[in-house]
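> Structure incoming, see below.
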Protein chains: 2
Amino acid sequence: MPEGQPEPVVLYVCTTCRAEGDGDGPRAGARLLASIEKALAETPVPGLRVEPVECLSVCKRPCTVAVAGADRWTYVYGDLDPEASAPTIIEGIRLYAGTADGLVPWRARPEAFRKGVIARIPPRASA
Amino acid sequence: MPEGQPEPVVLYVCTTCRAEGDGDGPRAGARLLASIEKALAETPVPGLRVEPVECLSVCKRPCTVAVAGADRWTYVYGDLDPEASAPTIIEGIRLYAGTADGLVPWRARPEAFRKGVIARIPPRASA
């Protein structure tokens, strides 16, 4: 890792999430992925990698994403609107990427992250 | 890692989970941790490390655990009974530890893991 480069952060986006009213077109999860990628093309987050995933097993609270990074807590979020939530997600990720351990103070988190948190998992200590 | 040794697996147990009826004594999460440690003392799982955690943010579905391992999917489970579920959890972990990627076939999973899955997160690819 070159000095001064941020540690890479991964945003997992569930592309199989369905929302009420999903028809034959792209599922809500795929639409969320597209809107995140579009927003990131306009305002990139340094060190962020976006990874589509087939099912994060949070099927009852679509749409769903997870964010992880080396030595950071992993967070899973649900109840995300496929069309409207991309800016909020990116803002939350930007705050997350700016920490060493992934712990963003509660009050600083976007409301959608405070209400939509599904779970968090500690960083895995080196064995 | 010495040859032939299994990759280490970590079981995170939320010790702050409260169950209905919890009084002034140890919380349901702490009781679950104790019952898991007792069961593992009798029948150890090779390569398993148990780590107490203060809050996995699954507060609406106590008790909660997560299981993770190098190059494996991470799983989060909830709705676990603090007194009765230790043998089931250990059986599920044993199956998980026996895989390379953490993916245990659906039908092979203990029922409590099928019904109680909260989320899963992919292994983080090396950047």
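Following the order of the structure tokens, first chain is A, next is B, and so on, with residues numbered from 1 inside each chain and ligands from 1 in the order they appear.
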For chain A, list the residues within 9 Å of chain B, counting only C-alpha atoms, and write the list as a ChimeraX atom specification.
/A:8,10,12,53,55-59,66,68-70,74,76,117-122,124,127
> Save the residues we just selected, N, CA, C and O atoms, as a PDB file, in the first residue's frame?

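Below is the file that was written, again_34.pdb:
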```
ATOM      1  N   PRO A   8      -8.161   0.309   1.434  1.00  0.00           N
ATOM      2  CA  PRO A   8      -9.338   0.092   0.599  1.00  0.00           C
ATOM      3  C   PRO A   8     -10.577  -0.288   1.411  1.00  0.00           C
ATOM      4  O   PRO A   8     -10.489  -1.033   2.378  1.00  0.00           O
ATOM      5  N   VAL A  10     -14.621  -1.678   0.909  1.00  0.00           N
ATOM      6  CA  VAL A  10     -15.470  -2.367  -0.054  1.00  0.00           C
ATOM      7  C   VAL A  10     -16.931  -2.132   0.291  1.00  0.00           C
ATOM      8  O   VAL A  10     -17.334  -2.283   1.443  1.00  0.00           O
ATOM      9  N   TYR A  12     -20.414  -3.660  -0.580  1.00  0.00           N
ATOM     10  CA  TYR A  12     -21.128  -4.766  -1.200  1.00  0.00           C
ATOM     11  C   TYR A  12     -22.577  -4.335  -1.430  1.00  0.00           C
ATOM     12  O   TYR A  12     -23.221  -3.834  -0.508  1.00  0.00           O
ATOM     13  N   VAL A  53     -23.150  -8.293  -5.124  1.00  0.00           N
ATOM     14  CA  VAL A  53     -23.237  -9.595  -4.450  1.00  0.00           C
ATOM     15  C   VAL A  53     -24.619 -10.185  -4.701  1.00  0.00           C
ATOM     16  O   VAL A  53     -25.616  -9.464  -4.678  1.00  0.00           O
ATOM     17  N   CYS A  55     -27.176 -11.761  -3.034  1.00  0.00           N
ATOM     18  CA  CYS A  55     -27.832 -12.065  -1.754  1.00  0.00           C
ATOM     19  C   CYS A  55     -26.924 -11.885  -0.540  1.00  0.00           C
ATOM     20  O   CYS A  55     -25.937 -12.605  -0.356  1.00  0.00           O
ATOM     21  N   LEU A  56     -27.308 -10.934   0.282  1.00  0.00           N
ATOM     22  CA  LEU A  56     -26.673 -10.742   1.589  1.00  0.00           C
ATOM     23  C   LEU A  56     -27.551 -11.345   2.702  1.00  0.00           C
ATOM     24  O   LEU A  56     -27.306 -11.110   3.888  1.00  0.00           O
ATOM     25  N   SER A  57     -28.586 -12.091   2.311  1.00  0.00           N
ATOM     26  CA  SER A  57     -29.484 -12.768   3.267  1.00  0.00           C
ATOM     27  C   SER A  57     -30.234 -11.801   4.190  1.00  0.00           C
ATOM     28  O   SER A  57     -30.483 -12.113   5.345  1.00  0.00           O
ATOM     29  N   VAL A  58     -30.558 -10.628   3.669  1.00  0.00           N
ATOM     30  CA  VAL A  58     -31.382  -9.678   4.431  1.00  0.00           C
ATOM     31  C   VAL A  58     -32.677  -9.445   3.647  1.00  0.00           C
ATOM     32  O   VAL A  58     -33.179  -8.335   3.562  1.00  0.00           O
ATOM     33  N   CYS A  59     -33.199 -10.513   3.081  1.00  0.00           N
ATOM     34  CA  CYS A  59     -34.262 -10.428   2.079  1.00  0.00           C
ATOM     35  C   CYS A  59     -35.514  -9.709   2.567  1.00  0.00           C
ATOM     36  O   CYS A  59     -36.302  -9.211   1.761  1.00  0.00           O
ATOM     37  N   ALA A  66     -23.527  -3.743   2.368  1.00  0.00           N
ATOM     38  CA  ALA A  66     -22.605  -3.938   3.494  1.00  0.00           C
ATOM     39  C   ALA A  66     -21.335  -3.183   3.176  1.00  0.00           C
ATOM     40  O   ALA A  66     -20.989  -3.001   1.999  1.00  0.00           O
ATOM     41  N   ALA A  68     -17.182  -2.848   4.335  1.00  0.00           N
ATOM     42  CA  ALA A  68     -16.111  -3.503   5.083  1.00  0.00           C
ATOM     43  C   ALA A  68     -14.769  -2.904   4.688  1.00  0.00           C
ATOM     44  O   ALA A  68     -14.645  -2.266   3.642  1.00  0.00           O
ATOM     45  N   GLY A  69     -13.789  -3.109   5.519  1.00  0.00           N
ATOM     46  CA  GLY A  69     -12.442  -2.630   5.204  1.00  0.00           C
ATOM     47  C   GLY A  69     -11.467  -3.250   6.186  1.00  0.00           C
ATOM     48  O   GLY A  69     -11.844  -3.660   7.289  1.00  0.00           O
ATOM     49  N   ALA A  70     -10.210  -3.321   5.766  1.00  0.00           N
ATOM     50  CA  ALA A  70      -9.182  -3.923   6.615  1.00  0.00           C
ATOM     51  C   ALA A  70      -9.150  -3.229   7.971  1.00  0.00           C
ATOM     52  O   ALA A  70      -9.150  -1.992   8.042  1.00  0.00           O
ATOM     53  N   THR A  74     -17.341  -4.201  10.154  1.00  0.00           N
ATOM     54  CA  THR A  74     -18.199  -4.356   8.981  1.00  0.00           C
ATOM     55  C   THR A  74     -19.620  -3.980   9.381  1.00  0.00           C
ATOM     56  O   THR A  74     -20.082  -4.367  10.461  1.00  0.00           O
ATOM     57  N   VAL A  76     -23.793  -3.775   8.055  1.00  0.00           N
ATOM     58  CA  VAL A  76     -24.810  -4.165   7.078  1.00  0.00           C
ATOM     59  C   VAL A  76     -26.005  -3.239   7.260  1.00  0.00           C
ATOM     60  O   VAL A  76     -26.459  -3.028   8.392  1.00  0.00           O
ATOM     61  N   VAL A 117     -29.636   0.044  10.187  1.00  0.00           N
ATOM     62  CA  VAL A 117     -28.561  -0.891  10.524  1.00  0.00           C
ATOM     63  C   VAL A 117     -29.139  -2.280  10.801  1.00  0.00           C
ATOM     64  O   VAL A 117     -30.119  -2.425  11.532  1.00  0.00           O
ATOM     65  N   ILE A 118     -28.547  -3.272  10.161  1.00  0.00           N
ATOM     66  CA  ILE A 118     -28.996  -4.665  10.295  1.00  0.00           C
ATOM     67  C   ILE A 118     -28.086  -5.402  11.262  1.00  0.00           C
ATOM     68  O   ILE A 118     -28.531  -6.177  12.099  1.00  0.00           O
ATOM     69  N   ALA A 119     -26.790  -5.162  11.145  1.00  0.00           N
ATOM     70  CA  ALA A 119     -25.803  -5.828  12.012  1.00  0.00           C
ATOM     71  C   ALA A 119     -24.448  -5.170  11.826  1.00  0.00           C
ATOM     72  O   ALA A 119     -24.219  -4.441  10.849  1.00  0.00           O
ATOM     73  N   ARG A 120     -23.568  -5.422  12.768  1.00  0.00           N
ATOM     74  CA  ARG A 120     -22.161  -5.031  12.615  1.00  0.00           C
ATOM     75  C   ARG A 120     -21.298  -6.166  13.142  1.00  0.00           C
ATOM     76  O   ARG A 120     -21.726  -6.915  14.035  1.00  0.00           O
ATOM     77  N   ILE A 121     -20.115  -6.307  12.567  1.00  0.00           N
ATOM     78  CA  ILE A 121     -19.211  -7.395  12.936  1.00  0.00           C
ATOM     79  C   ILE A 121     -17.825  -6.790  13.184  1.00  0.00           C
ATOM     80  O   ILE A 121     -17.359  -5.981  12.379  1.00  0.00           O
ATOM     81  N   PRO A 122     -17.177  -7.179  14.270  1.00  0.00           N
ATOM     82  CA  PRO A 122     -15.869  -6.583  14.579  1.00  0.00           C
ATOM     83  C   PRO A 122     -14.818  -6.932  13.531  1.00  0.00           C
ATOM     84  O   PRO A 122     -14.972  -7.928  12.804  1.00  0.00           O
ATOM     85  N   ARG A 124     -11.538  -8.631  12.280  1.00  0.00           N
ATOM     86  CA  ARG A 124     -10.969  -9.900  12.736  1.00  0.00           C
ATOM     87  C   ARG A 124      -9.523  -9.688  13.149  1.00  0.00           C
ATOM     88  O   ARG A 124      -8.694  -9.304  12.328  1.00  0.00           O
ATOM     89  N   ALA A 127      -4.741 -13.752  13.829  1.00  0.00           N
ATOM     90  CA  ALA A 127      -4.569 -14.908  14.718  1.00  0.00           C
ATOM     91  C   ALA A 127      -3.095 -15.122  15.013  1.00  0.00           C
ATOM     92  O   ALA A 127      -2.245 -14.606  14.317  1.00  0.00           O
TER      93      ALA A 127
END
```
> Any chance you could fit chain A onto chain B with least squares, all Cα atoms in order, and share the moved copy as a short mmCIF file (atom, residue, chain, number, x, y, z; two decimals) with N, CA and C atoms, in the first residue's frame?

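Saved to selection_25.cif:
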```cif
data_model
loop_
_atom_site.label_atom_id
_atom_site.label_comp_id
_atom_site.auth_asym_id
_atom_site.auth_seq_id
_atom_site.Cartn_x
_atom_site.Cartn_y
_atom_site.Cartn_z
N MET A 1 0.82 -20.73 9.59
CA MET A 1 -0.17 -21.78 9.92
C MET A 1 0.44 -23.16 9.66
N PRO A 2 0.61 -23.98 10.67
CA PRO A 2 1.19 -25.31 10.44
C PRO A 2 0.32 -26.15 9.50
N GLU A 3 0.97 -26.92 8.68
CA GLU A 3 0.23 -27.74 7.72
C GLU A 3 -0.74 -28.66 8.45
N GLY A 4 -1.93 -28.81 7.90
CA GLY A 4 -2.90 -29.72 8.50
C GLY A 4 -3.77 -29.05 9.57
N GLN A 5 -3.34 -27.87 10.04
CA GLN A 5 -4.17 -27.14 11.01
C GLN A 5 -5.32 -26.47 10.27
N PRO A 6 -6.52 -26.52 10.83
CA PRO A 6 -7.60 -25.80 10.18
C PRO A 6 -7.42 -24.30 10.31
N GLU A 7 -7.90 -23.56 9.32
CA GLU A 7 -7.89 -22.10 9.40
C GLU A 7 -8.72 -21.67 10.61
N PRO A 8 -8.27 -20.67 11.34
CA PRO A 8 -9.04 -20.28 12.51
C PRO A 8 -10.40 -19.68 12.16
N VAL A 9 -11.39 -20.06 12.94
CA VAL A 9 -12.75 -19.54 12.80
C VAL A 9 -13.06 -18.80 14.09
N VAL A 10 -13.74 -17.64 13.95
CA VAL A 10 -14.08 -16.85 15.13
C VAL A 10 -15.59 -16.83 15.30
N LEU A 11 -16.02 -17.12 16.51
CA LEU A 11 -17.44 -17.00 16.86
C LEU A 11 -17.58 -15.79 17.76
N TYR A 12 -18.27 -14.76 17.25
CA TYR A 12 -18.53 -13.57 18.05
C TYR A 12 -19.87 -13.76 18.76
N VAL A 13 -19.88 -13.50 20.05
CA VAL A 13 -21.12 -13.63 20.83
C VAL A 13 -21.44 -12.28 21.45
N CYS A 14 -22.60 -11.75 21.12
CA CYS A 14 -23.03 -10.47 21.68
C CYS A 14 -23.40 -10.67 23.13
N THR A 15 -22.68 -10.00 24.03
CA THR A 15 -22.94 -10.18 25.46
C THR A 15 -23.89 -9.12 26.01
N THR A 16 -24.28 -8.17 25.17
CA THR A 16 -25.19 -7.13 25.65
C THR A 16 -26.64 -7.41 25.26
N CYS A 17 -26.87 -8.45 24.46
CA CYS A 17 -28.24 -8.82 24.09
C CYS A 17 -29.07 -9.03 25.36
N ARG A 18 -30.24 -8.41 25.39
CA ARG A 18 -31.20 -8.63 26.46
C ARG A 18 -32.36 -9.46 25.94
N ALA A 19 -32.90 -10.33 26.77
CA ALA A 19 -34.12 -11.05 26.40
C ALA A 19 -35.25 -10.57 27.31
N GLU A 20 -36.48 -10.79 26.86
CA GLU A 20 -37.62 -10.47 27.72
C GLU A 20 -37.47 -11.19 29.05
N GLY A 21 -37.72 -10.47 30.12
CA GLY A 21 -37.63 -11.11 31.43
C GLY A 21 -36.27 -11.01 32.07
N ASP A 22 -35.28 -10.46 31.34
CA ASP A 22 -33.96 -10.26 31.94
C ASP A 22 -34.08 -9.31 33.13
N GLY A 23 -33.57 -9.72 34.27
CA GLY A 23 -33.64 -8.88 35.46
C GLY A 23 -32.29 -8.25 35.74
N ASP A 24 -31.92 -8.26 37.01
CA ASP A 24 -30.66 -7.64 37.41
C ASP A 24 -29.47 -8.57 37.20
N GLY A 25 -29.72 -9.84 36.95
CA GLY A 25 -28.63 -10.81 36.77
C GLY A 25 -27.97 -10.66 35.42
N PRO A 26 -27.13 -11.62 35.06
CA PRO A 26 -26.45 -11.55 33.76
C PRO A 26 -27.47 -11.50 32.62
N ARG A 27 -27.16 -10.70 31.61
CA ARG A 27 -28.05 -10.59 30.45
C ARG A 27 -28.07 -11.89 29.67
N ALA A 28 -29.09 -12.01 28.80
CA ALA A 28 -29.22 -13.21 27.98
C ALA A 28 -27.96 -13.47 27.18
N GLY A 29 -27.36 -12.43 26.63
CA GLY A 29 -26.16 -12.60 25.81
C GLY A 29 -25.00 -13.16 26.62
N ALA A 30 -24.86 -12.68 27.84
CA ALA A 30 -23.78 -13.19 28.71
C ALA A 30 -24.06 -14.64 29.09
N ARG A 31 -25.34 -14.97 29.27
CA ARG A 31 -25.70 -16.36 29.60
C ARG A 31 -25.43 -17.27 28.40
N LEU A 32 -25.73 -16.76 27.20
CA LEU A 32 -25.43 -17.56 25.99
C LEU A 32 -23.93 -17.81 25.89
N LEU A 33 -23.13 -16.78 26.11
CA LEU A 33 -21.67 -16.95 26.06
C LEU A 33 -21.22 -18.03 27.04
N ALA A 34 -21.76 -17.97 28.25
CA ALA A 34 -21.37 -18.95 29.27
C ALA A 34 -21.75 -20.36 28.85
N SER A 35 -22.94 -20.51 28.26
CA SER A 35 -23.37 -21.87 27.89
C SER A 35 -22.57 -22.38 26.69
N ILE A 36 -22.17 -21.48 25.79
CA ILE A 36 -21.31 -21.90 24.66
C ILE A 36 -19.94 -22.33 25.18
N GLU A 37 -19.38 -21.54 26.08
CA GLU A 37 -18.04 -21.87 26.61
C GLU A 37 -18.06 -23.19 27.37
N LYS A 38 -19.14 -23.41 28.09
CA LYS A 38 -19.28 -24.67 28.85
C LYS A 38 -19.35 -25.85 27.88
N ALA A 39 -20.17 -25.71 26.85
CA ALA A 39 -20.33 -26.80 25.88
C ALA A 39 -19.03 -27.06 25.12
N LEU A 40 -18.30 -25.99 24.79
CA LEU A 40 -17.03 -26.16 24.06
C LEU A 40 -15.95 -26.80 24.94
N ALA A 41 -16.03 -26.56 26.26
CA ALA A 41 -15.07 -27.18 27.17
C ALA A 41 -15.25 -28.69 27.14
N GLU A 42 -16.49 -29.13 26.93
CA GLU A 42 -16.77 -30.57 26.89
C GLU A 42 -16.45 -31.16 25.52
N THR A 43 -16.83 -30.45 24.45
CA THR A 43 -16.58 -30.94 23.08
C THR A 43 -15.99 -29.81 22.24
N PRO A 44 -14.66 -29.64 22.30
CA PRO A 44 -14.02 -28.52 21.59
C PRO A 44 -14.18 -28.63 20.07
N VAL A 45 -14.18 -27.48 19.41
CA VAL A 45 -14.14 -27.42 17.95
C VAL A 45 -12.73 -26.94 17.57
N PRO A 46 -11.94 -27.78 16.91
CA PRO A 46 -10.56 -27.40 16.58
C PRO A 46 -10.52 -26.11 15.75
N GLY A 47 -9.64 -25.20 16.13
CA GLY A 47 -9.46 -23.97 15.35
C GLY A 47 -10.48 -22.89 15.64
N LEU A 48 -11.38 -23.13 16.60
CA LEU A 48 -12.42 -22.13 16.89
C LEU A 48 -11.98 -21.24 18.05
N ARG A 49 -12.15 -19.93 17.83
CA ARG A 49 -11.90 -18.95 18.90
C ARG A 49 -13.22 -18.25 19.20
N VAL A 50 -13.58 -18.15 20.46
CA VAL A 50 -14.82 -17.46 20.85
C VAL A 50 -14.47 -16.08 21.35
N GLU A 51 -15.17 -15.08 20.85
CA GLU A 51 -14.86 -13.70 21.20
C GLU A 51 -16.13 -12.96 21.64
N PRO A 52 -16.20 -12.55 22.90
CA PRO A 52 -17.35 -11.76 23.34
C PRO A 52 -17.33 -10.38 22.69
N VAL A 53 -18.49 -9.87 22.31
CA VAL A 53 -18.58 -8.55 21.67
C VAL A 53 -19.67 -7.74 22.36
N GLU A 54 -19.40 -6.46 22.54
CA GLU A 54 -20.45 -5.60 23.08
C GLU A 54 -21.26 -5.04 21.93
N CYS A 55 -22.34 -5.71 21.61
CA CYS A 55 -23.33 -5.26 20.61
C CYS A 55 -22.93 -5.56 19.17
N LEU A 56 -23.72 -6.41 18.56
CA LEU A 56 -23.60 -6.67 17.12
C LEU A 56 -24.69 -5.89 16.35
N SER A 57 -25.39 -4.99 17.04
CA SER A 57 -26.43 -4.15 16.43
C SER A 57 -27.60 -4.95 15.84
N VAL A 58 -27.92 -6.06 16.48
CA VAL A 58 -29.10 -6.84 16.07
C VAL A 58 -30.08 -6.87 17.25
N CYS A 59 -30.19 -5.75 17.93
CA CYS A 59 -30.85 -5.68 19.23
C CYS A 59 -32.30 -6.17 19.22
N LYS A 60 -32.95 -6.16 18.06
CA LYS A 60 -34.36 -6.56 18.01
C LYS A 60 -34.54 -8.07 17.92
N ARG A 61 -33.47 -8.81 17.70
CA ARG A 61 -33.59 -10.27 17.57
C ARG A 61 -32.56 -11.00 18.43
N PRO A 62 -32.60 -10.77 19.78
CA PRO A 62 -31.64 -11.47 20.65
C PRO A 62 -31.99 -12.96 20.75
N CYS A 63 -30.97 -13.76 21.14
CA CYS A 63 -29.54 -13.47 21.23
C CYS A 63 -28.90 -13.56 19.84
N THR A 64 -27.72 -13.01 19.74
CA THR A 64 -27.08 -12.87 18.44
C THR A 64 -25.63 -13.34 18.48
N VAL A 65 -25.22 -14.02 17.40
CA VAL A 65 -23.81 -14.39 17.22
C VAL A 65 -23.43 -14.09 15.78
N ALA A 66 -22.13 -14.07 15.53
CA ALA A 66 -21.62 -14.00 14.15
C ALA A 66 -20.47 -14.96 14.05
N VAL A 67 -20.28 -15.51 12.87
CA VAL A 67 -19.17 -16.43 12.66
C VAL A 67 -18.40 -16.00 11.42
N ALA A 68 -17.07 -15.96 11.56
CA ALA A 68 -16.22 -15.47 10.48
C ALA A 68 -14.95 -16.30 10.41
N GLY A 69 -14.28 -16.24 9.29
CA GLY A 69 -13.01 -16.95 9.15
C GLY A 69 -12.34 -16.47 7.88
N ALA A 70 -11.02 -16.62 7.85
CA ALA A 70 -10.25 -16.18 6.68
C ALA A 70 -10.80 -16.83 5.42
N ASP A 71 -11.02 -16.02 4.39
CA ASP A 71 -11.50 -16.49 3.09
C ASP A 71 -12.90 -17.11 3.13
N ARG A 72 -13.61 -16.89 4.23
CA ARG A 72 -14.97 -17.44 4.35
C ARG A 72 -16.01 -16.34 4.38
N TRP A 73 -17.22 -16.66 3.96
CA TRP A 73 -18.36 -15.78 4.19
C TRP A 73 -18.55 -15.63 5.69
N THR A 74 -18.96 -14.43 6.10
CA THR A 74 -19.33 -14.17 7.49
C THR A 74 -20.84 -14.29 7.61
N TYR A 75 -21.32 -14.95 8.65
CA TYR A 75 -22.76 -15.08 8.88
C TYR A 75 -23.14 -14.48 10.23
N VAL A 76 -24.29 -13.83 10.27
CA VAL A 76 -24.84 -13.30 11.52
C VAL A 76 -26.16 -14.00 11.78
N TYR A 77 -26.33 -14.50 13.00
CA TYR A 77 -27.55 -15.20 13.38
C TYR A 77 -28.19 -14.56 14.60
N GLY A 78 -29.52 -14.55 14.62
CA GLY A 78 -30.26 -14.03 15.77
C GLY A 78 -31.33 -14.99 16.23
N ASP A 79 -32.19 -14.51 17.15
CA ASP A 79 -33.31 -15.31 17.68
C ASP A 79 -32.81 -16.56 18.41
N LEU A 80 -31.63 -16.49 19.01
CA LEU A 80 -31.04 -17.69 19.63
C LEU A 80 -31.35 -17.73 21.13
N ASP A 81 -31.83 -18.86 21.59
CA ASP A 81 -32.19 -19.01 23.00
C ASP A 81 -30.91 -19.08 23.85
N PRO A 82 -30.83 -18.26 24.90
CA PRO A 82 -29.58 -18.19 25.68
C PRO A 82 -29.25 -19.49 26.41
N GLU A 83 -30.28 -20.24 26.76
CA GLU A 83 -30.01 -21.48 27.51
C GLU A 83 -29.90 -22.70 26.60
N ALA A 84 -30.74 -22.77 25.57
CA ALA A 84 -30.87 -24.04 24.83
C ALA A 84 -30.07 -24.12 23.55
N SER A 85 -29.57 -22.99 23.03
CA SER A 85 -29.08 -23.03 21.65
C SER A 85 -27.60 -23.37 21.49
N ALA A 86 -26.85 -23.47 22.59
CA ALA A 86 -25.41 -23.71 22.45
C ALA A 86 -25.08 -24.95 21.60
N PRO A 87 -25.72 -26.10 21.84
CA PRO A 87 -25.37 -27.27 21.01
C PRO A 87 -25.64 -27.04 19.53
N THR A 88 -26.74 -26.36 19.22
CA THR A 88 -27.07 -26.06 17.83
C THR A 88 -26.03 -25.13 17.21
N ILE A 89 -25.65 -24.10 17.93
CA ILE A 89 -24.65 -23.16 17.43
C ILE A 89 -23.34 -23.90 17.16
N ILE A 90 -22.94 -24.73 18.09
CA ILE A 90 -21.67 -25.44 17.94
C ILE A 90 -21.72 -26.41 16.76
N GLU A 91 -22.86 -27.05 16.58
CA GLU A 91 -23.01 -27.95 15.42
C GLU A 91 -22.90 -27.14 14.12
N GLY A 92 -23.56 -25.98 14.09
CA GLY A 92 -23.49 -25.14 12.89
C GLY A 92 -22.07 -24.65 12.62
N ILE A 93 -21.36 -24.30 13.68
CA ILE A 93 -19.98 -23.82 13.54
C ILE A 93 -19.07 -24.94 13.05
N ARG A 94 -19.35 -26.14 13.55
CA ARG A 94 -18.53 -27.28 13.14
C ARG A 94 -18.66 -27.51 11.63
N LEU A 95 -19.88 -27.40 11.13
CA LEU A 95 -20.11 -27.55 9.68
C LEU A 95 -19.41 -26.42 8.92
N TYR A 96 -19.55 -25.20 9.44
CA TYR A 96 -18.92 -24.02 8.83
C TYR A 96 -17.41 -24.18 8.79
N ALA A 97 -16.83 -24.64 9.90
CA ALA A 97 -15.38 -24.79 9.99
C ALA A 97 -14.88 -25.87 9.03
N GLY A 98 -15.77 -26.77 8.64
CA GLY A 98 -15.39 -27.85 7.74
C GLY A 98 -15.43 -27.46 6.27
N THR A 99 -15.83 -26.23 5.97
CA THR A 99 -15.87 -25.78 4.58
C THR A 99 -14.67 -24.86 4.31
N ALA A 100 -14.37 -24.66 3.04
CA ALA A 100 -13.29 -23.75 2.68
C ALA A 100 -13.79 -22.31 2.60
N ASP A 101 -15.08 -22.14 2.25
CA ASP A 101 -15.60 -20.79 1.98
C ASP A 101 -16.71 -20.37 2.95
N GLY A 102 -17.05 -21.23 3.89
CA GLY A 102 -18.09 -20.88 4.86
C GLY A 102 -19.50 -21.16 4.40
N LEU A 103 -19.65 -21.67 3.19
CA LEU A 103 -20.99 -21.93 2.64
C LEU A 103 -21.42 -23.36 2.93
N VAL A 104 -22.27 -23.51 3.92
CA VAL A 104 -22.82 -24.83 4.27
C VAL A 104 -24.12 -24.99 3.49
N PRO A 105 -24.31 -26.13 2.81
CA PRO A 105 -25.56 -26.30 2.06
C PRO A 105 -26.79 -26.07 2.96
N TRP A 106 -27.78 -25.39 2.40
CA TRP A 106 -28.97 -24.98 3.15
C TRP A 106 -29.57 -26.12 3.98
N ARG A 107 -29.75 -27.26 3.35
CA ARG A 107 -30.42 -28.37 4.03
C ARG A 107 -29.59 -28.93 5.18
N ALA A 108 -28.27 -28.74 5.12
CA ALA A 108 -27.41 -29.29 6.16
C ALA A 108 -27.36 -28.38 7.39
N ARG A 109 -27.81 -27.13 7.23
CA ARG A 109 -27.70 -26.19 8.34
C ARG A 109 -28.71 -26.52 9.45
N PRO A 110 -28.33 -26.30 10.71
CA PRO A 110 -29.31 -26.45 11.78
C PRO A 110 -30.50 -25.51 11.53
N GLU A 111 -31.69 -25.93 11.96
CA GLU A 111 -32.89 -25.14 11.70
C GLU A 111 -32.77 -23.73 12.28
N ALA A 112 -32.14 -23.63 13.46
CA ALA A 112 -32.01 -22.30 14.09
C ALA A 112 -31.16 -21.36 13.22
N PHE A 113 -30.24 -21.92 12.44
CA PHE A 113 -29.42 -21.10 11.54
C PHE A 113 -30.21 -20.75 10.27
N ARG A 114 -31.07 -21.67 9.83
CA ARG A 114 -31.88 -21.36 8.64
C ARG A 114 -32.88 -20.25 8.95
N LYS A 115 -33.55 -20.36 10.10
CA LYS A 115 -34.58 -19.38 10.46
C LYS A 115 -33.99 -18.10 11.03
N GLY A 116 -32.84 -18.20 11.66
CA GLY A 116 -32.31 -17.06 12.40
C GLY A 116 -31.28 -16.25 11.64
N VAL A 117 -31.07 -16.54 10.35
CA VAL A 117 -30.03 -15.79 9.64
C VAL A 117 -30.42 -14.32 9.54
N ILE A 118 -29.49 -13.46 9.91
CA ILE A 118 -29.72 -12.01 9.89
C ILE A 118 -29.08 -11.41 8.65
N ALA A 119 -27.88 -11.86 8.33
CA ALA A 119 -27.15 -11.35 7.16
C ALA A 119 -25.94 -12.23 6.90
N ARG A 120 -25.40 -12.10 5.71
CA ARG A 120 -24.11 -12.73 5.39
C ARG A 120 -23.30 -11.74 4.57
N ILE A 121 -21.99 -11.82 4.71
CA ILE A 121 -21.09 -10.89 4.02
C ILE A 121 -19.99 -11.71 3.34
N PRO A 122 -19.69 -11.40 2.09
CA PRO A 122 -18.69 -12.20 1.37
C PRO A 122 -17.30 -12.06 1.99
N PRO A 123 -16.44 -13.04 1.72
CA PRO A 123 -15.03 -12.88 2.11
C PRO A 123 -14.44 -11.70 1.36
N ARG A 124 -13.56 -10.98 2.01
CA ARG A 124 -12.97 -9.81 1.35
C ARG A 124 -11.81 -10.25 0.48
N ALA A 125 -11.95 -10.05 -0.81
CA ALA A 125 -10.87 -10.41 -1.74
C ALA A 125 -9.67 -9.54 -1.43
N SER A 126 -8.49 -10.12 -1.55
CA SER A 126 -7.26 -9.34 -1.33
C SER A 126 -7.18 -8.23 -2.36
N ALA A 127 -6.92 -7.03 -1.90
CA ALA A 127 -6.87 -5.89 -2.83
C ALA A 127 -5.57 -5.92 -3.61
#
```
> List every residue of chain A that DSSP, applied to the backbone, labels as alpha helix (DSSP H), and write the result as a ChimeraX atom specification.
/A:28-42,86-97,111-116
> Assign secondary structure with DSSP using the backbone only, and return the residues of chain B in strand (DSSP E or B) as an MDAnalysis selection string.
chainID B and resid 9:14 48:53 65:69 74:77 117:121
> For the residues selected in the previous step, produce a file with C-alpha atoms as an mmCIF file, in the first residue's frame.

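Final output, saved to result-v9.cif:
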```
data_model
loop_
_atom_site.group_PDB
_atom_site.id
_atom_site.type_symbol
_atom_site.label_atom_id
_atom_site.label_comp_id
_atom_site.auth_asym_id
_atom_site.auth_seq_id
_atom_site.Cartn_x
_atom_site.Cartn_y
_atom_site.Cartn_z
ATOM 1 C CA VAL B 9 -12.746 -19.535 12.811
ATOM 2 C CA VAL B 10 -14.074 -16.853 15.130
ATOM 3 C CA LEU B 11 -17.442 -16.999 16.866
ATOM 4 C CA TYR B 12 -18.537 -13.570 18.067
ATOM 5 C CA VAL B 13 -21.125 -13.632 20.830
ATOM 6 C CA CYS B 14 -23.031 -10.466 21.683
ATOM 7 C CA LEU B 48 -12.424 -22.127 16.900
ATOM 8 C CA ARG B 49 -11.903 -18.951 18.901
ATOM 9 C CA VAL B 50 -14.825 -17.460 20.868
ATOM 10 C CA GLU B 51 -14.855 -13.694 21.217
ATOM 11 C CA PRO B 52 -17.358 -11.751 23.354
ATOM 12 C CA VAL B 53 -18.575 -8.553 21.682
ATOM 13 C CA VAL B 65 -23.828 -14.392 17.231
ATOM 14 C CA ALA B 66 -21.624 -13.990 14.162
ATOM 15 C CA VAL B 67 -19.160 -16.428 12.666
ATOM 16 C CA ALA B 68 -16.211 -15.460 10.488
ATOM 17 C CA GLY B 69 -13.010 -16.934 9.150
ATOM 18 C CA THR B 74 -19.327 -14.170 7.499
ATOM 19 C CA TYR B 75 -22.754 -15.076 8.882
ATOM 20 C CA VAL B 76 -24.837 -13.304 11.522
ATOM 21 C CA TYR B 77 -27.544 -15.206 13.387
ATOM 22 C CA VAL B 117 -30.012 -15.793 9.637
ATOM 23 C CA ILE B 118 -29.699 -12.016 9.884
ATOM 24 C CA ALA B 119 -27.133 -11.336 7.173
ATOM 25 C CA ARG B 120 -24.102 -12.740 5.391
ATOM 26 C CA ILE B 121 -21.079 -10.886 4.020
#
```
